[in-house]
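Pasted below: query.txt, compact mmCIF, C-alpha atoms and all ligand atoms.
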```
# COMPACT_ATOMS: atom_id res chain seq x y z
CA MET A 255 -7.25 8.31 -24.08
CA ALA A 256 -9.46 7.73 -21.04
CA LYS A 257 -9.05 6.52 -17.49
CA LEU A 258 -11.27 3.52 -16.87
CA ASN A 259 -13.12 2.40 -13.73
CA ILE A 260 -11.42 -0.50 -11.92
CA LEU A 261 -13.77 -3.14 -10.49
CA ARG A 262 -13.39 -3.64 -6.73
CA TYR A 263 -13.39 -7.03 -4.93
CA PRO A 264 -15.77 -8.79 -4.25
CA ASP A 265 -17.55 -7.55 -7.43
CA GLU A 266 -18.84 -10.74 -9.09
CA ARG A 267 -17.66 -9.52 -12.52
CA LEU A 268 -14.05 -10.15 -11.39
CA TYR A 269 -14.84 -13.88 -11.49
CA THR A 270 -15.62 -13.85 -15.23
CA ARG A 271 -13.36 -15.92 -17.52
CA ALA A 272 -12.04 -13.76 -20.35
CA LYS A 273 -12.61 -14.83 -23.97
CA PRO A 274 -9.83 -15.01 -26.60
CA ILE A 275 -9.47 -11.96 -28.86
CA GLN A 276 -10.32 -12.98 -32.45
CA GLN A 277 -9.11 -9.83 -34.24
CA VAL A 278 -6.39 -7.45 -32.99
CA ASP A 279 -7.88 -4.22 -34.39
CA ASP A 280 -7.99 -0.52 -33.54
CA SER A 281 -10.61 -1.08 -30.85
CA ILE A 282 -8.20 -3.41 -29.00
CA ARG A 283 -5.36 -0.93 -29.45
CA GLN A 284 -7.55 1.87 -28.06
CA LEU A 285 -8.57 -0.28 -25.07
CA ALA A 286 -4.90 -1.07 -24.39
CA ALA A 287 -4.08 2.65 -24.48
CA ASP A 288 -6.90 3.44 -22.05
CA MET A 289 -5.80 0.58 -19.77
CA ALA A 290 -2.21 1.86 -19.80
CA GLU A 291 -3.37 5.34 -18.78
CA THR A 292 -5.50 3.78 -16.04
CA MET A 293 -2.66 1.56 -14.79
CA TYR A 294 -0.04 4.33 -14.71
CA ALA A 295 -2.44 6.70 -12.93
CA ALA A 296 -3.43 4.17 -10.24
CA PRO A 297 -0.40 3.63 -9.98
CA GLY A 298 0.06 -0.02 -10.68
CA ILE A 299 2.53 -2.25 -12.50
CA GLY A 300 -0.08 -4.49 -14.11
CA LEU A 301 -3.70 -4.45 -15.25
CA ALA A 302 -5.95 -7.08 -16.83
CA ALA A 303 -8.96 -6.25 -19.03
CA THR A 304 -11.16 -8.15 -16.56
CA GLN A 305 -10.45 -5.44 -13.98
CA VAL A 306 -11.97 -2.78 -16.24
CA ASP A 307 -14.99 -4.97 -16.94
CA ARG A 308 -13.88 -6.05 -20.41
CA HIS A 309 -13.82 -9.83 -20.47
CA ILE A 310 -11.28 -10.46 -23.22
CA GLN A 311 -7.74 -11.89 -22.97
CA LEU A 312 -5.67 -8.71 -22.77
CA LEU A 313 -3.21 -7.72 -20.05
CA LEU A 314 -0.64 -4.96 -19.53
CA ILE A 315 2.52 -4.95 -17.40
CA ASP A 316 5.17 -2.31 -16.76
CA ILE A 317 7.47 -2.87 -13.80
CA SER A 318 9.89 -0.06 -14.79
CA GLU A 319 10.42 2.84 -12.38
CA ALA A 320 10.09 5.30 -15.27
CA GLN A 321 6.85 3.71 -16.54
CA ASN A 322 8.44 3.36 -20.00
CA ASP A 323 8.64 -0.41 -20.56
CA LEU A 324 5.10 -1.53 -21.35
CA HIS A 325 4.38 -5.19 -22.13
CA VAL A 326 1.02 -5.90 -23.82
CA LEU A 327 -0.04 -9.56 -23.94
CA ILE A 328 -3.02 -10.73 -26.01
CA ASN A 329 -4.35 -14.32 -25.63
CA PRO A 330 -1.41 -15.23 -23.34
CA LYS A 331 -0.62 -18.94 -22.89
CA LEU A 332 1.71 -20.29 -20.22
CA ILE A 333 4.14 -22.61 -22.07
CA GLY A 334 6.65 -23.26 -19.28
CA SER A 335 7.36 -22.60 -15.62
CA THR A 336 10.10 -23.50 -13.12
CA GLY A 337 10.83 -23.02 -9.46
CA GLU A 338 8.68 -21.63 -6.71
CA VAL A 339 8.74 -18.27 -4.90
CA GLU A 340 6.64 -16.63 -2.20
CA ARG A 341 6.08 -12.89 -2.48
CA GLU A 342 3.78 -10.26 -0.98
CA GLU A 343 1.17 -9.18 -3.52
CA GLY A 344 -1.38 -6.40 -3.82
CA CYS A 345 -4.09 -5.71 -6.39
CA LEU A 346 -5.74 -2.58 -7.75
CA SER A 347 -9.05 -4.39 -7.34
CA VAL A 348 -8.36 -5.08 -3.64
CA PRO A 349 -6.97 -1.74 -2.41
CA GLY A 350 -4.98 -1.69 0.82
CA ILE A 351 -4.73 -5.47 1.12
CA TYR A 352 -1.35 -7.18 0.83
CA ASP A 353 -0.47 -10.78 1.55
CA LYS A 354 1.96 -13.51 0.53
CA VAL A 355 1.27 -15.77 -2.47
CA THR A 356 3.43 -18.63 -3.76
CA ARG A 357 3.94 -18.75 -7.53
CA ALA A 358 6.39 -20.10 -10.14
CA GLU A 359 9.79 -18.36 -10.02
CA ARG A 360 10.22 -18.21 -13.81
CA VAL A 361 7.60 -18.44 -16.58
CA ARG A 362 7.60 -18.60 -20.37
CA VAL A 363 4.48 -17.16 -22.00
CA ARG A 364 3.39 -17.05 -25.67
CA ALA A 365 1.09 -14.18 -26.67
CA LEU A 366 0.14 -11.81 -29.48
CA ASP A 367 1.31 -8.18 -29.54
CA LEU A 368 -0.80 -5.18 -30.58
CA ASN A 369 0.00 -5.93 -34.24
CA GLY A 370 -1.32 -9.46 -33.85
CA LYS A 371 2.22 -10.90 -34.05
CA SER A 372 3.09 -13.91 -31.87
CA PHE A 373 5.98 -13.56 -29.40
CA GLU A 374 7.38 -15.34 -26.35
CA LEU A 375 8.22 -13.69 -23.03
CA ASN A 376 10.64 -15.29 -20.56
CA ALA A 377 10.06 -13.70 -17.16
CA GLU A 378 11.54 -14.02 -13.68
CA GLY A 379 11.37 -11.99 -10.47
CA LEU A 380 8.67 -9.33 -10.18
CA LEU A 381 7.82 -9.61 -13.89
CA ALA A 382 7.08 -13.33 -13.50
CA VAL A 383 4.88 -12.68 -10.45
CA CYS A 384 2.99 -9.96 -12.26
CA VAL A 385 2.44 -12.06 -15.40
CA GLN A 386 0.94 -14.85 -13.29
CA HIS A 387 -1.16 -12.40 -11.24
CA GLU A 388 -2.61 -10.81 -14.40
CA MET A 389 -3.18 -14.15 -16.15
CA ASP A 390 -5.13 -15.21 -13.06
CA HIS A 391 -7.40 -12.19 -13.55
CA LEU A 392 -8.17 -13.42 -17.10
CA LEU A 393 -9.23 -16.73 -15.53
CA GLY A 394 -11.54 -14.88 -13.15
CA LYS A 395 -9.22 -15.38 -10.16
CA VAL A 396 -8.22 -12.68 -7.62
CA PHE A 397 -5.06 -13.16 -5.52
CA VAL A 398 -7.01 -13.19 -2.23
CA GLN A 399 -8.51 -16.54 -3.32
CA TYR A 400 -5.12 -18.11 -2.52
CA LEU A 401 -5.56 -17.03 1.12
CA SER A 402 -7.41 -18.87 3.88
CA THR A 403 -11.21 -18.66 4.05
CA LEU A 404 -10.84 -16.79 7.35
CA LYS A 405 -8.58 -14.17 5.73
CA GLN A 406 -10.91 -13.86 2.71
CA ASN A 407 -13.93 -13.28 4.98
CA ARG A 408 -12.02 -10.66 6.98
CA ILE A 409 -11.01 -8.87 3.75
CA ARG A 410 -14.60 -8.91 2.44
CA THR A 411 -15.89 -7.49 5.75
CA LYS A 412 -13.17 -4.80 5.80
CA LEU A 413 -13.77 -3.69 2.18
CA LYS A 414 -17.58 -3.70 2.58
CA LYS A 415 -17.24 -1.57 5.74
CA ARG A 416 -14.91 0.83 3.93
CA LEU A 417 -17.38 1.06 1.01
CA ARG A 418 -20.26 1.86 3.41
CA GLU A 419 -18.17 4.59 5.04
CA THR A 420 -17.58 6.25 1.67
CA MET A 421 -21.31 6.35 0.84
O1 LIG B 501 -3.61 -6.75 -10.99
C1 LIG B 501 -3.35 -5.68 -10.45
O2 LIG B 501 -4.15 -5.12 -9.70
C2 LIG B 501 -2.01 -5.08 -10.67
C3 LIG B 501 -1.10 -5.31 -9.52
C4 LIG B 501 0.08 -6.07 -10.09
C5 LIG B 501 0.91 -6.80 -9.11
C6 LIG B 501 0.34 -7.67 -8.21
C7 LIG B 501 1.16 -8.37 -7.34
C8 LIG B 501 2.52 -8.23 -7.37
C9 LIG B 501 3.07 -7.35 -8.27
C10 LIG B 501 2.25 -6.66 -9.15
C11 LIG B 501 -0.90 -3.92 -8.96
O3 LIG B 501 0.11 -3.28 -9.62
S1 LIG B 501 -0.81 -3.88 -7.25
C12 LIG B 501 0.20 -2.61 -6.80
C13 LIG B 501 1.63 -3.07 -6.71
C14 LIG B 501 2.60 -2.28 -7.23
C15 LIG B 501 3.93 -2.66 -7.12
C16 LIG B 501 4.28 -3.85 -6.51
C17 LIG B 501 3.30 -4.64 -5.99
C18 LIG B 501 1.95 -4.25 -6.08
ZN ZN B 502 -4.80 -7.70 -9.48
```

Could you express the structure from this file as structure tokens?
Amino acid sequence: MAKLNILRYPDERLYTRAKPIQQVDDSIRQLAADMAETMYAAPGIGLAATQVDRHIQLLLIDISEAQNDLHVLINPKLIGSTGEVEREEGCLSVPGIYDKVTRAERVRVRALDLNGKSFELNAEGLLAVCVQHEMDHLLGKVFVQYLSTLKQNRIRTKLKKRLRETM
């Protein structure tokens, strides 16, 4: 297993659209294992392959306190959504920034598991928010893009200043 580097906003690679996975093989299972180690160590409750600079449709979610309820979604497709909810979000690619985003309250997603078997996930609450947040990453979208241009510019300036200070 290996901890992977997480791309930081506004790295242009975060805007890449992920491609469907054609074959769920050992290389995908190894990447998922490395992503899980990376996510748990961050710590985070979700991680998309885009964030570790792998532009394929793979995402992980575990909202459990004990970090023992991992969901792996390959080639996820949104097949239903209802309601609307506003919730404060963060992102491992935008450290220290939190703001409110409005999303569907409940979602139904069809995906493949690590054995290549199709399944459906019905999610609500934090799980639903996280699914939508991670599926956005696979579309090359970061949650700050839902915020005003003014807020996005302030975030870019803040993160660039922080990066300069660490050099
Ligand atoms: O994509 C990511 O960077 C993972 C996010 C998932 C997430 C975003 C928004 C709302 C819930 C989950 C990270 O886990 S951000 C850290 C975090 C952890 C717990 C709750 C909210 C945010
Ligand atoms: Zn994120």

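Taking atom CA of Asp323 of chain A and atom CA of Glu343 of chain A as endpoints, the distance between them is 20.6 Å.
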
Query - Non-local contacts of segment 287-298 of chain A (9 Å; only C-alpha atoms; under 3 positions in same chain excluded) as a list in words - result: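 With the cut-off at 9 Å, the set is Met255, Ala256, Lys257, Leu258, Asn259, Ile260, Ile282, Arg283, Gln284, Leu301, Ala302, Ala303, Val306, Leu313, Leu314, Ile315, Asp316, Ile317, Gln321, Leu324, Cys345 and Leu346 of chain A.
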
Query - Protein, DNA and RNA residues within 10 Å of (-5.5, -15.9, -4.7), all atoms listed in the file, as number ranges by chain - result: A: 343, 353-356, 387, 390-391, 395-402, 406

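Among the candidates A:Gln311, A:Thr270, A:Gln305, A:Ser318, the residue lying nearest to ligand ZN 502 (chain B) is A:Gln305 (atoms considered: all atoms listed in the file).
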
Query raised in the report: Any idea what's packed within 10 Å of Gly334 of chain A, counting all atoms listed in the file, ignoring anything in its chain fewer than 5 positions away? Could you give it as a PyMOL selection string?
Result: chain A and resi 358+360-364+376

Please list as a compact mmCIF listing (two decimals) with C-alpha atoms, in the coordinates of the input every residue within 9 Å of Arg357 of chain A, counting all atoms listed in the file and excluding residues in the same chain fewer than 5 positions away.
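This is the output file selection.txt:
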```
# COMPACT_ATOMS: atom_id res chain seq x y z
CA GLY A 337 10.83 -23.02 -9.46
CA GLU A 338 8.68 -21.63 -6.71
CA VAL A 339 8.74 -18.27 -4.90
CA GLU A 340 6.64 -16.63 -2.20
CA ARG A 341 6.08 -12.89 -2.48
CA ALA A 382 7.08 -13.33 -13.50
CA VAL A 383 4.88 -12.68 -10.45
CA GLN A 386 0.94 -14.85 -13.29
CA HIS A 387 -1.16 -12.40 -11.24
```

Query raised in the report: Distance atom CA of Ile351 of chain A-atom CA of Glu319 of chain A, one decimal place?
Result: 21.9 Å

Query raised in the report: Any idea what's packed within 10 Å of Gly394 of chain A, counting all atoms listed in the file, ignoring anything in its chain fewer than 3 positions away? Could you give it as a count of residues only?
Result: 14

**Report entry** Among listed residues A:Leu332, A:Leu368, A:Leu285, A:Leu380, nearest ligand LIG 501 (chain B) (using all atoms listed in the file)
**Finding:**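 The shortest atom-to-atom distance to ligand LIG 501 (chain B) comes from A:Leu380.
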
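The list of residues with at least one atom within 12 Å of segment 276-278 of chain A, based on all atoms listed in the file and without residues fewer than 5 positions apart in the same chain, reads A:Arg283, A:Gln284, A:Leu285, A:Ala286, A:Ile310, A:Gln311, A:Leu312, A:Val326, A:Leu327, A:Ile328, A:Asn329, A:Ala365, A:Leu366, A:Asp367, A:Leu368, A:Asn369, A:Gly370, A:Lys371, A:Ser372.
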
The centre and edge lengths of an axis-aligned box containing all atoms of segment 302-321 of chain A present in the file, extended by 8 Å on each side, are to be given in Å to one decimal, as JSON.
```
{"center_x": -2.3, "center_y": -3.3, "center_z": -17.8, "size_x": 41.4, "size_y": 33.2, "size_z": 26.8}
```

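Counting all atoms listed in the file and comparing A:Pro349, A:Glu374, A:Cys384, A:Pro274, the residue that lies closest to Arg416 of chain A is A:Pro349.
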
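Ranking A:Gly350, A:Asn322, A:Glu359, A:Lys414 by their shortest atom-to-atom distance to ligand LIG 501 (chain B), with all atoms listed in the file included, puts A:Gly350 first.
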
**Report entry** Selected residue, from A:Ile333, A:Met421, A:Ile299, A:Leu392, that lies nearest to ligand LIG 501 (chain B) when counting all atoms listed in the file
**Finding:**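 Checking each of A:Ile333, A:Met421, A:Ile299, A:Leu392 against ligand LIG 501 (chain B), counting all atoms listed in the file, the winner is A:Ile299.
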
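The interatomic distance for the pair atom CA of Gly300 of chain A and atom CA of Lys415 of chain A works out to 26.4 Å.
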
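Minimum atom-to-atom distances from A:Ser347, A:Leu261, A:Glu378, A:Asp307 to ligand ZN 502 (chain B) were compared using only C-alpha atoms and all ligand atoms, and the lowest value belongs to A:Ser347.
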